[in-house]
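Everything on this sheet refers to the single structure shown next.
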Amino acid sequence: RKMAKESKGHSATEVHTYVSHSQTSNLFDAKWVPTSNRLVAVGRHPKGVGCIQVYEVNRNSLKEITNVTKQSGIKSGAFYGSNHHFATGDFDGNVAVWDLEKLATPVWNVKGHDKLISSLAGCHASKGSAPEICTGGMDGKIQVWDPRTKEPVTSWSFKGDCWSVAFGNSHGDERTLCAGFDNGDLYMFDLRKNSIMWTHHFDKGICCIEFDRKDIEMNKLGVSLLKSEFQIFDLRTFNTTKGYSFLSTTAHDSTIWTIRHLPQNRDIWSTTGGDGSFNLWKYSYPKDRRKKEEDSEEFSGVMGEVRKIASGSLSSQPVLSLDWNKDMEGLGCAVSLDQIISLVYVSDLNA
């Protein structure tokens, strides 16, 4: 299925849905298995038990390789530290790491939260930092894990449900974590100093947050929100009075469930909506990214422009998860509430 064109000229960026795979579980998250033609999806069967499913892309279809049942529904998953070690968070608050070739029992697991784990993120090792997992739960806790031990590396507790967590600034011995809550609170942590770097409050709940790259000096942060809004922050210039500069964009006419940057181009990202819609965006930097304040010696960030380059529909139901393939530019997998896994491909990204 071909979606609407947005760019003008001889060529235009187009989004194609070339696989729509229907299955019987309620899936909440899906990730590409690195350096392969496989993806792994997690969710919950109608009877309430959890599932981990592995699929292989076979021409214009998905072939199920593995489908295992777990005691509790699984809300989110992420790779960390290894191409075969997949971390999950479930409805009972358990954090687990699985070898995708041996899914019968976890490599590591721990009771991490008192309630459902709403969000989970993974971070590979960098020079001076070990691979880590972060979980955010309905109990208001944010916990960072090193799966060599059963105790969290660090932990914070706040009011509300932590809907999204994301690693960033992971280079050398630096590492930053962001967490977003259903009440609109956003926290940024310096994991090296174990301290809060910055806080921001939105007037609506935070659905998804993502650094445009997790393994470089902080550059931009995307935040998607309830009620048809997302914001892009420039993280290169911090002002002690104003914080980070940002742009706000209205889209989808519904909740924006995900915001995901292309691995190959940090200035292009997708958003998915509660109405099943899909948008692709591109950021253009200003000539100067900061300016001096007239009444102080401080600088503040200068924002560029956000432009929509493609749009269309993946489903009639909310698209809860989207993951871009790191090996093939423009290839993505998505899951929606109508129990469908979609494979999408974006052509002419440089149009």
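Ligands are numbered from 1 in the order shown, chains are lettered A, B, ... in the order of the structure tokens, and residues start at 1 in each chain.
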### Task
Tell me which protein, DNA and RNA residues are within 7 Å of His85 of chain A, counting only C-alpha atoms, leaving out same-chain ones fewer than 6 positions away, and put them as a list in words.
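Residues meeting the cut-off are Phe79, Val97, Trp98, Asp99 and Leu100 of chain A.
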Expected file contents, prior selection, N, CA and C atoms, as an mmCIF file, in the first residue's frame:
```
data_model
loop_
_atom_site.group_PDB
_atom_site.id
_atom_site.type_symbol
_atom_site.label_atom_id
_atom_site.label_comp_id
_atom_site.auth_asym_id
_atom_site.auth_seq_id
_atom_site.Cartn_x
_atom_site.Cartn_y
_atom_site.Cartn_z
ATOM 1 N N PHE A 79 17.087 -4.381 22.924
ATOM 2 C CA PHE A 79 18.391 -5.040 22.913
ATOM 3 C C PHE A 79 19.385 -4.197 23.697
ATOM 4 N N VAL A 97 16.192 -10.848 30.900
ATOM 5 C CA VAL A 97 17.035 -10.850 29.704
ATOM 6 C C VAL A 97 16.964 -12.238 29.093
ATOM 7 N N TRP A 98 16.731 -12.282 27.769
ATOM 8 C CA TRP A 98 16.541 -13.547 27.062
ATOM 9 C C TRP A 98 17.569 -13.714 25.967
ATOM 10 N N ASP A 99 18.031 -14.933 25.798
ATOM 11 C CA ASP A 99 18.784 -15.317 24.610
ATOM 12 C C ASP A 99 17.757 -15.763 23.575
ATOM 13 N N LEU A 100 17.697 -15.075 22.444
ATOM 14 C CA LEU A 100 16.656 -15.363 21.463
ATOM 15 C C LEU A 100 16.763 -16.760 20.865
#
```
### Task
Find the spatial neighbours of Ile206 of chain A, counting only C-alpha atoms, within a cut-off of 12 Å - ignore same-chain residues fewer than 3 positions away - and output them as a count of residues only.
38
Select from segment 8-93 of chain A every residue with an atom at most 8 Å from any atom of segment 322-333 of chain A, then for each give the shortest pair of atoms and their distance in Å to one decimal, using only C-alpha atoms, rows by chain and rising number, as JSON lines.
```
{"residue": "A:Asp29", "atom": "CA", "partner": "A:Leu322", "partner_atom": "CA", "distance": 7.7}
{"residue": "A:Ala30", "atom": "CA", "partner": "A:Asp323", "partner_atom": "CA", "distance": 6.9}
{"residue": "A:Lys31", "atom": "CA", "partner": "A:Asp323", "partner_atom": "CA", "distance": 5.7}
{"residue": "A:Trp32", "atom": "CA", "partner": "A:Asn325", "partner_atom": "CA", "distance": 6.1}
{"residue": "A:Pro34", "atom": "CA", "partner": "A:Lys326", "partner_atom": "CA", "distance": 7.2}
{"residue": "A:Thr35", "atom": "CA", "partner": "A:Asp327", "partner_atom": "CA", "distance": 6.6}
```
For the residues in the current selection, export N, CA, C and O atoms as an mmCIF file, in the first residue's frame.
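Below you can see again.cif, which holds the result:
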```cif
data_model
loop_
_atom_site.group_PDB
_atom_site.id
_atom_site.type_symbol
_atom_site.label_atom_id
_atom_site.label_comp_id
_atom_site.auth_asym_id
_atom_site.auth_seq_id
_atom_site.Cartn_x
_atom_site.Cartn_y
_atom_site.Cartn_z
ATOM 1 N N ASP A 29 5.077 -4.102 21.527
ATOM 2 C CA ASP A 29 6.392 -3.624 21.112
ATOM 3 C C ASP A 29 7.008 -4.612 20.135
ATOM 4 O O ASP A 29 6.732 -5.821 20.191
ATOM 5 N N ALA A 30 7.843 -4.097 19.226
ATOM 6 C CA ALA A 30 8.578 -4.948 18.282
ATOM 7 C C ALA A 30 9.906 -4.282 17.963
ATOM 8 O O ALA A 30 9.979 -3.054 17.838
ATOM 9 N N LYS A 31 10.951 -5.083 17.860
ATOM 10 C CA LYS A 31 12.286 -4.574 17.559
ATOM 11 C C LYS A 31 12.953 -5.458 16.504
ATOM 12 O O LYS A 31 12.771 -6.692 16.498
ATOM 13 N N TRP A 32 13.720 -4.824 15.621
ATOM 14 C CA TRP A 32 14.549 -5.578 14.684
ATOM 15 C C TRP A 32 15.677 -6.272 15.435
ATOM 16 O O TRP A 32 16.303 -5.672 16.319
ATOM 17 N N PRO A 34 19.330 -7.125 15.516
ATOM 18 C CA PRO A 34 20.450 -6.502 14.806
ATOM 19 C C PRO A 34 21.140 -7.458 13.834
ATOM 20 O O PRO A 34 21.250 -8.665 14.091
ATOM 21 N N THR A 35 21.578 -6.907 12.708
ATOM 22 C CA THR A 35 22.335 -7.615 11.660
ATOM 23 C C THR A 35 21.635 -8.889 11.200
ATOM 24 O O THR A 35 22.271 -9.923 11.010
#
```
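With distances restricted to only C-alpha atoms, A:Val19 is the closest residue to Ser61 of chain A from A:Val19, A:Leu247, A:Ala96, A:Ala78.
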### Task
One decimal, Å: what's the distance from atom CA of Lys220 of chain A over to atom CA of Thr237 of chain A, could you say?
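That distance, rounded to one decimal, is 10.4 Å.
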